[in-house]
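This report concerns only the one structure given below.
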Amino acid sequence: MIWKVPEIIVLLSRLFRLQPGDLIMTGTPSGVGPVSIGDTLEGRVEGVGELMTKVIGR
């Protein structure tokens with residue numbers, strides 16, 4: 001990662017009111033390609049929940 005986790009939290013907390021349970025998505029692992037219109041992105045944290053979103057165009 002380019003920035004350390006505490007640096008990311010400091011920057012984001014200047015821009016947004018961070019609350020317990022907020023997720024900070026920092027990027028993708030190596031080997032993952034670009035996101036395109038029509039793609040569905042999924043994320044989950046065991047014991048917490050799931051998040052799914054579809055990429056749409058203008």
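The way I read the labels, and the way they are meant: chains A, B, ... in the order of the structure tokens, residue 1 as the first residue of every chain, and ligand 1 as the first ligand shown, with later ones counted on from there.
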Could you pull out the helix (DSSP H, G or I) residues of stretch 4-51 of chain A, going by DSSP on the backbone, and write them as a list in words? Val5, Pro6, Glu7, Ile8, Ile9, Val10, Leu11, Leu12, Ser13, Arg14 and Leu15 of chain A
Requested write-out: C-alpha atoms of the selected residues, as a JSON list (two decimals), in the first residue's frame:
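Saved as result_31.json:
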[["chain", "number", "residue", "atom", "x", "y", "z"],
["A", 5, "VAL", "CA", -3.63, 2.70, 7.54],
["A", 6, "PRO", "CA", -3.32, 5.47, 10.20],
["A", 7, "GLU", "CA", -2.53, 8.02, 7.45],
["A", 8, "ILE", "CA", -5.63, 6.97, 5.51],
["A", 9, "ILE", "CA", -7.82, 7.27, 8.61],
["A", 10, "VAL", "CA", -6.45, 10.73, 9.43],
["A", 11, "LEU", "CA", -7.10, 12.01, 5.89],
["A", 12, "LEU", "CA", -10.60, 10.54, 5.67],
["A", 13, "SER", "CA", -11.54, 11.81, 9.13],
["A", 14, "ARG", "CA", -10.76, 15.33, 7.92],
["A", 15, "LEU", "CA", -13.23, 14.88, 5.05]]
Strand (DSSP E or B) per DSSP on the backbone: members of stretch 7-43 of chain A, as a PyMOL selection string:
chain A and resi 40-43
- Identify, on the basis of only C-alpha atoms, every residue whose closest approach to A:Gly49 does not exceed 12 Å; exclude the query and any residue fewer than 4 positions from it along the same chain; express the result as a list in words.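 The residues satisfying every condition are Gly21, Leu23, Glu42, Gly43, Arg44 and Val45 of chain A.
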Q.
Need the shell around stretch 29-40 of chain A: protein/DNA/RNA residues with any atom at most 9 Å away, counting only C-alpha atoms. Skip same-chain ones fewer than 6 positions apart. Format as a PyMOL selection string?
A. chain A and resi 52-57
Same residues, N, CA and C atoms, output as a compact mmCIF listing (two decimals), in the first residue's frame:
# COMPACT_ATOMS: atom_id res chain seq x y z
N MET A 52 -23.07 -5.46 -1.81
CA MET A 52 -23.02 -5.73 -3.24
C MET A 52 -23.48 -4.47 -3.97
N THR A 53 -22.73 -4.08 -5.01
CA THR A 53 -23.12 -2.92 -5.79
C THR A 53 -22.81 -3.17 -7.25
N LYS A 54 -23.65 -2.65 -8.14
CA LYS A 54 -23.45 -2.80 -9.57
C LYS A 54 -22.95 -1.50 -10.16
N VAL A 55 -21.95 -1.58 -11.02
CA VAL A 55 -21.38 -0.40 -11.66
C VAL A 55 -22.27 -0.03 -12.84
N ILE A 56 -22.75 1.24 -12.84
CA ILE A 56 -23.63 1.70 -13.92
C ILE A 56 -22.97 2.89 -14.62
N GLY A 57 -23.41 3.16 -15.83
CA GLY A 57 -22.90 4.31 -16.58
C GLY A 57 -23.79 5.52 -16.38
